[in-house]
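This is upload_38.cif. It holds mmCIF, C-alpha atoms.
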data_coords
#
loop_
_atom_site.label_atom_id
_atom_site.label_comp_id
_atom_site.auth_asym_id
_atom_site.auth_seq_id
_atom_site.Cartn_x
_atom_site.Cartn_y
_atom_site.Cartn_z
CA MET E 1 29.31 4.83 19.23
CA TRP E 2 27.19 2.73 16.93
CA TRP E 3 29.22 -0.44 16.65
CA PHE E 4 28.61 -1.67 20.20
CA VAL E 5 24.87 -1.89 19.58
CA THR E 6 25.29 -4.87 17.27
CA THR E 7 26.47 -7.10 20.09
CA LEU E 8 23.29 -6.35 22.04
CA VAL E 9 20.87 -7.43 19.36
CA ILE E 10 20.77 -11.06 20.50
CA THR E 11 19.15 -9.86 23.73
CA VAL E 12 16.46 -8.05 21.78
CA PHE E 13 15.92 -11.10 19.60
CA ILE E 14 15.35 -13.32 22.61
CA SER E 15 12.94 -10.85 24.20
CA ASN E 16 11.02 -10.64 20.90
CA SER E 17 9.91 -14.28 20.84
CA PRO E 18 6.35 -14.36 22.23
CA VAL E 19 4.45 -17.56 22.77
CA TYR E 20 1.38 -16.56 20.74
CA ALA E 21 1.24 -15.00 17.27
CA TYR E 22 -1.49 -12.38 17.71
CA ASP E 23 -1.73 -9.25 15.57
CA ASN E 24 0.96 -7.40 17.47
CA ASN E 25 3.09 -10.42 18.37
CA PRO E 26 5.22 -11.45 15.37
CA LEU E 27 7.18 -14.69 15.45
CA GLN E 28 10.20 -13.14 13.72
CA ASP E 29 11.79 -9.68 13.59
CA ILE E 30 10.42 -8.76 10.16
CA CYS E 31 7.90 -10.43 7.84
CA VAL E 32 7.55 -8.25 4.73
CA ALA E 33 4.31 -9.06 2.93
CA VAL E 34 4.45 -10.66 -0.49
CA ASN E 35 2.04 -9.48 -3.19
CA ASP E 36 0.06 -12.70 -3.01
CA SER E 37 -3.07 -11.79 -4.98
CA GLN E 38 -2.42 -14.79 -7.20
CA ALA E 39 -1.48 -17.11 -4.35
CA ALA E 40 -3.30 -20.42 -4.14
CA VAL E 41 -2.85 -20.53 -0.35
CA PHE E 42 -4.51 -18.01 1.95
CA VAL E 43 -3.06 -17.19 5.36
CA ASN E 44 -4.05 -15.02 8.31
CA GLY E 45 -2.39 -11.79 7.21
CA LYS E 46 0.17 -12.01 4.41
CA ILE E 47 2.87 -14.50 3.55
CA CYS E 48 6.41 -13.22 4.00
CA LYS E 49 9.28 -12.77 1.61
CA ASP E 50 12.76 -13.95 2.53
CA PRO E 51 14.13 -11.42 5.10
CA LYS E 52 17.35 -11.21 3.07
CA PHE E 53 15.40 -9.43 0.35
CA ALA E 54 13.77 -6.85 2.62
CA THR E 55 14.65 -3.22 1.90
CA PRO E 56 14.08 0.07 3.77
CA ASN E 57 11.33 0.91 1.27
CA ASP E 58 9.30 -2.01 2.63
CA PHE E 59 9.00 -0.07 5.90
CA PHE E 60 8.34 3.32 4.31
CA ALA E 61 5.42 5.24 2.81
CA SER E 62 4.94 8.87 1.84
CA GLY E 63 2.21 11.38 1.06
CA LEU E 64 0.37 11.88 4.34
CA ASN E 65 1.11 15.61 4.09
CA VAL E 66 -1.53 15.89 1.35
CA SER E 67 -5.13 14.72 1.21
CA GLY E 68 -6.12 11.40 -0.28
CA ILE E 69 -8.81 10.20 -2.65
CA ALA E 70 -12.25 11.74 -2.17
CA VAL E 71 -15.13 9.36 -1.44
CA PRO E 72 -17.88 10.36 -3.93
CA GLY E 73 -20.92 11.97 -2.34
CA VAL E 74 -19.64 11.72 1.23
CA GLY E 75 -17.41 14.82 1.54
CA VAL E 76 -14.52 12.75 2.86
CA ALA E 77 -11.05 12.18 1.41
CA ALA E 78 -8.99 9.38 2.90
CA LYS E 79 -5.50 7.98 2.54
CA PHE E 80 -4.30 4.91 4.44
CA VAL E 81 -0.90 3.36 5.00
CA ASP E 82 -1.41 -0.35 5.51
CA VAL E 83 0.19 -3.64 4.58
CA ASN E 84 -0.85 -3.20 0.93
CA ASN E 85 1.30 -0.10 0.32
CA MET E 86 3.79 -0.60 3.18
CA PRO E 87 4.45 -4.36 3.24
CA GLY E 88 6.85 -4.12 6.18
CA LEU E 89 3.80 -3.58 8.41
CA ASN E 90 2.97 -7.28 8.05
CA THR E 91 2.67 -8.89 11.54
CA LEU E 92 3.57 -5.61 13.30
CA GLY E 93 0.04 -4.78 14.43
CA ILE E 94 -0.21 -1.13 13.47
CA SER E 95 -1.42 1.12 10.61
CA ILE E 96 -2.14 4.80 10.02
CA GLY E 97 -4.22 7.04 7.79
CA ARG E 98 -5.17 10.63 7.03
CA VAL E 99 -8.77 11.84 6.71
CA ASP E 100 -9.91 15.21 5.29
CA LEU E 101 -13.52 16.04 6.08
CA GLU E 102 -15.45 18.86 4.42
CA PRO E 103 -17.50 21.29 6.58
CA GLN E 104 -20.71 19.82 8.02
CA ARG E 105 -19.87 16.37 6.68
CA LEU E 106 -19.81 13.10 8.59
CA VAL E 107 -17.63 10.01 8.57
CA PRO E 108 -20.54 7.56 8.74
CA PHE E 109 -21.24 5.40 11.75
CA HIS E 110 -18.80 2.53 11.62
CA THR E 111 -16.76 0.03 13.64
CA HIS E 112 -13.29 -1.49 13.42
CA PRO E 113 -13.72 -5.10 14.54
CA ARG E 114 -10.00 -5.75 14.96
CA ALA E 115 -8.55 -2.48 16.29
CA THR E 116 -8.69 0.44 18.66
CA GLU E 117 -8.53 3.76 16.77
CA LEU E 118 -6.71 6.88 17.97
CA ILE E 119 -7.19 10.18 16.12
CA THR E 120 -5.15 13.39 16.29
CA VAL E 121 -6.65 16.57 14.87
CA LEU E 122 -4.30 18.59 12.65
CA GLU E 123 -6.70 21.33 11.58
CA GLY E 124 -10.39 22.23 11.87
CA ILE E 125 -12.96 21.28 14.52
CA LEU E 126 -14.38 17.78 14.93
CA TYR E 127 -17.23 16.39 16.98
CA ALA E 128 -16.34 12.76 17.68
CA GLY E 129 -18.03 10.11 19.76
CA PHE E 130 -18.53 6.42 20.41
CA LEU E 131 -21.30 4.28 21.91
CA VAL E 132 -20.70 2.02 24.91
CA PRO E 133 -23.28 -0.72 25.58
CA ASP E 134 -24.91 -0.80 28.99
CA PRO E 135 -23.78 -4.10 30.58
CA ALA E 136 -27.11 -4.26 32.43
CA ASN E 137 -29.16 -3.77 29.25
CA PHE E 138 -27.57 -4.39 25.85
CA PHE E 139 -30.41 -2.55 24.14
CA LYS E 140 -29.24 0.70 25.67
CA SER E 141 -25.96 2.52 25.22
CA ARG E 142 -24.08 5.56 26.42
CA LEU E 143 -22.55 8.19 24.15
CA PHE E 144 -19.02 9.43 24.91
CA SER E 145 -18.29 12.51 22.78
CA LYS E 146 -16.01 15.54 22.60
CA ILE E 147 -15.42 18.63 20.48
CA LEU E 148 -11.83 18.33 19.22
CA TYR E 149 -9.45 21.09 18.13
CA PRO E 150 -5.97 21.00 16.53
CA GLY E 151 -3.60 19.10 18.80
CA ASP E 152 -6.39 17.16 20.53
CA VAL E 153 -6.32 13.36 20.74
CA PHE E 154 -9.32 11.02 21.11
CA VAL E 155 -9.47 7.23 21.29
CA PHE E 156 -12.24 4.84 20.14
CA PRO E 157 -12.19 1.40 21.82
CA ILE E 158 -12.02 -1.68 19.61
CA GLY E 159 -15.28 -2.79 18.02
CA LEU E 160 -17.45 0.10 19.24
CA ILE E 161 -19.68 2.14 16.91
CA HIS E 162 -18.31 5.65 16.43
CA PHE E 163 -18.30 8.72 14.17
CA GLN E 164 -16.42 11.91 13.32
CA TYR E 165 -18.33 15.03 12.26
CA ASN E 166 -16.88 18.33 11.03
CA VAL E 167 -18.77 20.99 12.96
CA GLY E 168 -16.58 23.84 11.67
CA ASN E 169 -16.84 26.06 8.60
CA LYS E 170 -13.61 24.86 6.99
CA LYS E 171 -12.03 21.53 6.15
CA ALA E 172 -10.96 19.36 9.09
CA THR E 173 -7.92 17.09 8.86
CA TYR E 174 -6.86 14.37 11.26
CA LEU E 175 -4.48 11.44 11.47
CA THR E 176 -5.96 8.10 12.46
CA ALA E 177 -3.91 5.24 13.90
CA PHE E 178 -4.92 1.61 14.55
CA ASN E 179 -3.28 -1.16 16.55
CA SER E 180 -3.79 -3.66 13.74
CA GLN E 181 -2.31 -3.97 10.26
CA ASN E 182 -5.87 -4.65 9.08
CA PRO E 183 -8.39 -3.01 11.46
CA GLY E 184 -11.44 -3.69 9.30
CA PHE E 185 -14.10 -1.11 8.37
CA ILE E 186 -17.81 -1.81 8.81
CA PHE E 187 -20.07 1.09 7.78
CA ILE E 188 -23.28 0.32 9.63
CA PRO E 189 -26.03 1.73 7.34
CA ASN E 190 -24.40 0.51 4.13
CA SER E 191 -23.61 -2.94 5.52
CA ILE E 192 -27.18 -3.54 6.69
CA PHE E 193 -29.31 -1.84 4.05
CA GLY E 194 -26.98 -2.35 1.09
CA SER E 195 -25.85 -5.94 1.61
CA ASN E 196 -25.47 -8.41 -1.26
CA PRO E 197 -27.52 -10.57 -1.19
CA PRO E 198 -29.92 -8.29 0.69
CA ILE E 199 -31.12 -9.01 4.20
CA PRO E 200 -34.77 -10.19 3.95
CA ASP E 201 -37.37 -7.47 4.49
CA ASP E 202 -38.95 -9.40 7.36
CA VAL E 203 -35.65 -9.40 9.21
CA LEU E 204 -35.19 -5.67 8.75
CA THR E 205 -38.75 -4.79 9.71
CA GLN E 206 -38.53 -6.77 12.93
CA GLY E 207 -34.96 -5.82 13.67
CA PHE E 208 -35.66 -2.09 13.41
CA GLN E 209 -39.34 -2.13 14.31
CA LEU E 210 -40.14 -0.68 10.90
CA ILE E 211 -43.65 -2.17 10.89
CA ILE E 212 -44.66 0.70 13.20
CA ALA E 213 -43.09 3.19 10.81
CA LEU E 214 -44.84 1.59 7.84
CA TRP E 215 -48.17 1.89 9.61
CA LEU E 216 -47.62 5.45 10.83
CA PHE E 217 -46.26 6.93 7.63
CA GLY E 218 -47.68 4.67 4.92
CA LYS E 219 -44.19 4.21 3.52
CA SER E 220 -42.86 1.26 1.56
CA LEU E 221 -39.95 -0.68 3.02
CA SER E 222 -37.64 0.68 0.32
CA GLN E 223 -38.60 4.20 1.39
CA ILE E 224 -38.06 3.29 5.03
CA LYS E 225 -34.62 1.96 4.13
CA SER E 226 -33.77 5.28 2.52
CA ILE E 227 -35.06 7.21 5.53
CA THR E 228 -33.30 4.99 8.03
CA MET E 229 -30.01 5.40 6.16
CA ARG E 230 -30.18 9.08 7.09
CA MET E 231 -31.24 8.63 10.69
CA TRP E 232 -28.83 8.50 13.60
CA TRP E 233 -31.03 7.06 16.30
CA PHE E 234 -31.13 3.47 15.07
CA ILE E 235 -27.41 2.96 15.69
CA THR E 236 -27.96 2.57 19.42
CA THR E 237 -29.86 -0.69 18.93
CA LEU E 238 -26.90 -2.14 17.03
CA VAL E 239 -24.40 -1.75 19.81
CA ILE E 240 -24.95 -5.30 21.03
CA THR E 241 -23.20 -6.42 17.84
CA ALA E 242 -20.13 -4.42 18.69
CA PHE E 243 -20.25 -5.72 22.24
CA THR E 244 -20.43 -9.32 21.06
CA CYS E 245 -17.50 -9.01 18.63
CA ASN E 246 -15.48 -7.33 21.35
CA SER E 247 -15.12 -10.40 23.56
CA PRO E 248 -11.74 -11.97 22.72
CA SER E 249 -10.51 -15.15 24.34
CA HIS E 250 -7.18 -13.84 25.62
CA ALA E 251 -6.41 -10.60 27.51
CA TYR E 252 -3.36 -9.38 25.61
CA ASP E 253 -2.38 -5.72 25.39
CA ASN E 254 -4.81 -4.96 22.57
CA ASN E 255 -7.50 -7.44 23.61
CA PRO E 256 -9.55 -5.94 26.45
CA LEU E 257 -12.04 -8.08 28.33
CA GLN E 258 -14.63 -5.30 28.48
CA ASP E 259 -15.58 -2.32 26.31
CA ILE E 260 -13.84 0.27 28.48
CA CYS E 261 -11.54 0.02 31.49
CA VAL E 262 -10.61 3.55 32.57
CA ALA E 263 -7.46 3.47 34.68
CA VAL E 264 -7.68 4.37 38.36
CA ASN E 265 -4.95 6.50 39.93
CA ASP E 266 -3.66 3.64 42.04
CA SER E 267 -0.21 4.86 43.08
CA LYS E 268 -1.05 3.94 46.66
CA ALA E 269 -2.77 0.67 45.85
CA ALA E 270 -1.65 -2.34 47.87
CA VAL E 271 -2.22 -4.66 44.91
CA PHE E 272 -0.32 -4.33 41.63
CA VAL E 273 -1.84 -5.55 38.37
CA ASN E 274 -0.68 -5.90 34.77
CA GLY E 275 -1.68 -2.43 33.56
CA LYS E 276 -4.09 -0.47 35.74
CA ILE E 277 -7.19 -1.39 37.69
CA CYS E 278 -10.44 -0.01 36.29
CA LYS E 279 -12.99 2.33 37.71
CA ASP E 280 -16.67 1.52 37.50
CA PRO E 281 -17.71 2.02 33.83
CA LYS E 282 -20.75 3.99 35.00
CA LEU E 283 -18.35 6.66 36.29
CA ALA E 284 -16.40 6.98 33.02
CA THR E 285 -16.60 10.29 31.15
CA ALA E 286 -15.64 11.49 27.67
CA ASN E 287 -12.64 13.28 29.19
CA ASP E 288 -11.17 9.89 30.13
CA PHE E 289 -10.71 9.23 26.39
CA PHE E 290 -9.37 12.69 25.50
CA ALA E 291 -6.08 14.61 25.62
CA SER E 292 -5.07 17.99 24.18
CA GLY E 293 -2.03 20.14 23.46
CA PHE E 294 -0.32 18.13 20.73
CA ASN E 295 -0.24 21.14 18.42
CA VAL E 296 2.63 22.51 20.53
CA SER E 297 5.90 20.97 21.67
CA GLY E 298 6.31 19.28 25.02
CA ASN E 299 8.92 19.33 27.76
CA ALA E 300 12.56 19.47 26.70
CA VAL E 301 14.78 16.55 27.74
CA PRO E 302 17.91 18.18 29.23
CA GLY E 303 21.08 17.59 27.24
CA PHE E 304 19.45 15.68 24.38
CA GLY E 305 18.11 18.47 22.17
CA PHE E 306 14.59 17.16 21.92
CA ALA E 307 11.22 17.75 23.55
CA SER E 308 8.49 15.15 23.99
CA LYS E 309 4.84 15.00 24.96
CA THR E 310 2.80 11.83 25.38
CA ALA E 311 -0.79 10.67 25.69
CA ASP E 312 -0.68 7.77 28.12
CA LEU E 313 -2.59 6.36 31.07
CA ASN E 314 -1.52 9.22 33.30
CA ASN E 315 -3.26 11.93 31.25
CA MET E 316 -5.67 9.80 29.19
CA PRO E 317 -6.83 6.95 31.47
CA GLY E 318 -9.33 5.63 28.94
CA LEU E 319 -6.37 4.12 27.04
CA ASN E 320 -6.19 1.39 29.67
CA THR E 321 -6.43 -2.07 27.96
CA LEU E 322 -6.79 -0.49 24.49
CA GLY E 323 -3.23 -1.17 23.34
CA LEU E 324 -2.19 2.30 22.11
CA PHE E 325 0.22 5.04 23.20
CA PHE E 326 0.78 8.35 21.40
CA GLY E 327 3.52 10.96 21.48
CA ARG E 328 4.89 14.09 19.83
CA ILE E 329 8.65 14.63 19.50
CA ASP E 330 10.39 17.87 18.53
CA LEU E 331 14.03 17.34 17.62
CA GLU E 332 16.54 20.17 17.26
CA PRO E 333 18.82 20.32 14.17
CA GLN E 334 21.63 17.74 14.17
CA ARG E 335 20.31 16.12 17.34
CA LEU E 336 19.54 12.46 17.90
CA ALA E 337 16.79 10.50 19.63
CA PRO E 338 19.30 8.04 21.14
CA LEU E 339 19.61 4.40 20.16
CA HIS E 340 16.80 2.69 22.01
CA THR E 341 14.22 -0.10 21.96
CA HIS E 342 10.56 -0.50 22.89
CA PRO E 343 10.31 -4.03 24.31
CA ARG E 344 6.52 -4.18 24.18
CA ALA E 345 5.53 -2.29 21.01
CA THR E 346 5.97 -1.57 17.34
CA GLU E 347 6.47 2.16 16.68
CA LEU E 348 5.09 4.05 13.70
CA ILE E 349 6.30 7.62 13.08
CA THR E 350 4.74 10.31 10.87
CA ILE E 351 6.78 13.40 9.98
CA LEU E 352 5.01 16.75 10.41
CA GLU E 353 7.93 19.08 9.62
CA GLY E 354 11.68 18.90 9.06
CA THR E 355 13.88 16.05 7.81
CA ILE E 356 14.58 12.93 9.83
CA TYR E 357 17.05 10.12 9.18
CA ALA E 358 15.55 7.04 10.86
CA GLY E 359 16.67 3.45 10.97
CA PHE E 360 16.53 0.16 12.83
CA LEU E 361 18.79 -2.87 13.18
CA VAL E 362 17.60 -6.33 12.16
CA PRO E 363 19.57 -9.29 13.56
CA ASN E 364 21.03 -11.76 11.11
CA PRO E 365 19.31 -15.10 11.83
CA ALA E 366 22.44 -16.93 10.68
CA ASN E 367 24.72 -14.93 12.99
CA PHE E 368 23.23 -13.04 15.94
CA PHE E 369 26.47 -11.07 16.34
CA LYS E 370 25.79 -9.27 13.06
CA SER E 371 22.87 -7.05 12.09
CA ARG E 372 21.50 -5.18 9.13
CA LEU E 373 20.59 -1.47 9.13
CA LEU E 374 17.35 -0.51 7.39
CA SER E 375 17.14 3.29 7.19
CA LYS E 376 15.43 6.11 5.31
CA VAL E 377 15.54 9.91 5.08
CA LEU E 378 12.01 11.08 5.92
CA ASN E 379 10.25 14.31 4.94
CA PRO E 380 6.85 15.81 5.91
CA GLY E 381 4.05 13.36 5.16
CA ASP E 382 6.36 10.33 5.25
CA VAL E 383 5.63 7.32 7.44
CA PHE E 384 8.16 4.81 8.79
CA VAL E 385 7.56 1.74 10.96
CA ILE E 386 10.00 0.27 13.46
CA PRO E 387 9.33 -3.37 14.45
CA LYS E 388 8.78 -4.30 18.07
CA GLY E 389 11.88 -4.70 20.21
CA LEU E 390 14.47 -3.68 17.59
CA ILE E 391 17.18 -1.11 18.28
CA HIS E 392 16.48 2.12 16.39
CA PHE E 393 17.07 5.87 16.22
CA GLN E 394 15.76 9.14 14.75
CA TYR E 395 18.24 11.84 13.74
CA ASN E 396 17.44 15.38 12.56
CA VAL E 397 19.63 15.84 9.48
CA GLY E 398 18.05 19.20 8.56
CA ASN E 399 18.90 22.75 9.58
CA LYS E 400 15.62 23.43 11.38
CA LYS E 401 13.52 21.75 14.05
CA ALA E 402 11.90 18.46 13.07
CA THR E 403 8.55 17.35 14.49
CA TYR E 404 6.95 13.94 14.29
CA PHE E 405 4.18 11.91 15.88
CA ALA E 406 5.00 8.46 17.28
CA ILE E 407 2.28 5.84 17.71
CA PHE E 408 2.81 2.57 19.60
CA ASN E 409 0.59 -0.51 19.70
CA SER E 410 0.87 -0.86 23.46
CA GLN E 411 -0.45 1.32 26.27
CA ASN E 412 3.01 0.95 27.84
CA PRO E 413 5.62 0.33 25.11
CA GLY E 414 8.65 0.63 27.36
CA PHE E 415 11.71 2.76 26.62
CA VAL E 416 15.21 1.30 26.88
CA ILE E 417 17.90 3.88 26.02
CA ILE E 418 20.82 1.60 25.14
CA PRO E 419 23.95 3.59 26.13
CA ASN E 420 22.46 5.01 29.32
CA SER E 421 20.98 1.70 30.41
CA ILE E 422 24.34 -0.04 30.12
CA PHE E 423 26.86 2.57 31.22
CA ALA E 424 24.74 4.37 33.83
CA SER E 425 22.92 1.47 35.51
CA ASN E 426 22.25 1.44 39.24
CA PRO E 427 23.93 -0.52 40.65
CA ALA E 428 26.69 -0.31 38.07
CA ILE E 429 27.61 -3.24 35.83
CA LEU E 430 31.03 -4.57 36.77
CA ASP E 431 33.92 -3.09 34.80
CA ASP E 432 35.13 -6.58 33.88
CA VAL E 433 31.75 -7.38 32.33
CA LEU E 434 31.74 -4.18 30.27
CA ALA E 435 35.37 -4.62 29.28
CA LYS E 436 34.74 -8.10 27.92
CA GLY E 437 31.34 -7.27 26.49
CA PHE E 438 32.55 -4.25 24.49
CA MET E 439 36.28 -4.97 24.21
CA LEU E 440 37.14 -1.81 26.17
CA ASN E 441 39.70 -1.07 28.81
CA LYS E 442 38.73 0.32 32.19
CA THR E 443 39.80 3.86 31.30
CA GLU E 444 37.46 3.87 28.31
CA ILE E 445 34.70 2.45 30.47
CA ALA E 446 35.17 5.24 33.01
CA VAL E 447 34.86 7.84 30.23
CA LEU E 448 31.65 6.25 28.97
CA ARG E 449 30.18 6.02 32.47
CA LYS E 450 30.84 9.74 32.94
CA LYS E 451 29.26 10.60 29.59
CA PHE E 452 26.05 8.69 30.23
CA SER E 453 25.60 9.11 33.97
#

Would you mind writing the file out in structure tokens?
Amino acid sequence: MWWFVTTLVITVFISNSPVYAYDNNPLQDICVAVNDSQAAVFVNGKICKDPKFATPNDFFASGLNVSGIAVPGVGVAAKFVDVNNMPGLNTLGISIGRVDLEPQRLVPFHTHPRATELITVLEGILYAGFLVPDPANFFKSRLFSKILYPGDVFVFPIGLIHFQYNVGNKKATYLTAFNSQNPGFIFIPNSIFGSNPPIPDDVLTQGFQLIIALWLFGKSLSQIKSITMRMWWFITTLVITAFTCNSPSHAYDNNPLQDICVAVNDSKAAVFVNGKICKDPKLATANDFFASGFNVSGNAVPGFGFASKTADLNNMPGLNTLGLFFGRIDLEPQRLAPLHTHPRATELITILEGTIYAGFLVPNPANFFKSRLLSKVLNPGDVFVIPKGLIHFQYNVGNKKATYFAIFNSQNPGFVIIPNSIFASNPAILDDVLAKGFMLNKTEIAVLRKKFS
């Protein structure tokens, strides 16, 4: 039954009113970005259009099933879904992209100053890694790297220098997700040696100790710049920059207070914390930031017709404090991922195969007892975003299995299955409460309890 969900939306609205408006904490249910290139006023993010004029297309994008625009001379093709081509992402703290990398080509050393990045390999073989500064000596760093195959997942903590390199003999393709609508891209060599206006030569020579190189090789500084652009070793000395920009003032879900905080298996801990306690960073390994097996379906959920598999703190402890959660869902024909909410996260889904009908309910600010359905039929390569805390569903309208990835901008998004939570609670909600809440008689309530227990 769909109609009873509307009366619950006021609860979701109340729970979706955070005190602070950070990237993943909107102050309203939806805030569709306005094309404000001509605006005289600049804001942090985008200004919003009147929610009455929002449409499902604002929360929809397509084309991730094919490669994007090639970057000349780099061997990389990229396509991103962000607030510019999917305005419904505004204030929701999440974005996604697809990258196609030619054999033996590199995505240059770079950082994302405002986001953690999570990649999922679709085809090919990648060598990926990131640099973690040594807290005892900021001029040294530690490389965390892995060889990744189709179905593997790897996470890069916010602000850290990292890379992806195709070590195979065929094209590699991966999806990349960020817990920000605008993660920022800083390509280290280009930013430093190709700035406008240029960084003074004296600064560069001292910063990279190029005086020694000039003396040893008799090279001009312009030649040294060209050489250094092709050298990997100098990146290590830059990691202090990433460390400095990675020190936010508040410890929200996507704002860690250190570079990495690998979760400890603390099921027997006497002290409970918000999230997980951390192990000593010196004991962290690349495997803490890695998970595999997402090229095949997960465990079936009995009676629901779908199978799920997730990358979370339990099998990928490096996600702790990084504000991301990843899953794969396989949905049988004509089966539904039940009406549910995620109280702590926005969800972004990307269709891999099949046809999904997806939608979410937006409360009417003028009347909380009414809501508006925003829905789309999604095909392979399509992307749809579901705002934090709103009731939503995914339904396989095709005649074959549908598969999609779900990315959340919280390490623990929460899952509230609406019918089961209400009619199968323990202890049970009083019949009189349900009868008045849903205008049902006790016989109908008994039937619903039996269905959802």

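Ranking E:Glu353, E:Asp50, E:Asp82, E:Asp152 by their shortest atom-to-atom distance to Thr403 (chain E), with all atoms listed in the file included, puts E:Glu353 first.
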
Report summary line: What separates CA of Ile356 (chain E) and CA of Lys451 (chain E) is a distance of 24.7 Å

Report summary line: One residue among E:Ser195, E:Asn295, E:Asn426, E:Thr173 is nearest to Val66 (chain E) when using only C-alpha atoms, and that residue is E:Thr173

**Report entry** Exercise: Cys261 (chain E) partners within 8 Å, only C-alpha atoms, chain neighbours under 2 positions left out, as a ChimeraX atom specification
**Finding:** /E:258-259,263,277-279,281,318-321

Query - Distance criterion (all atoms listed in the file): nearest to His342 (chain E) out of E:Ile329, E:Leu313, E:Val121, E:Ile417 - result: E:Ile417
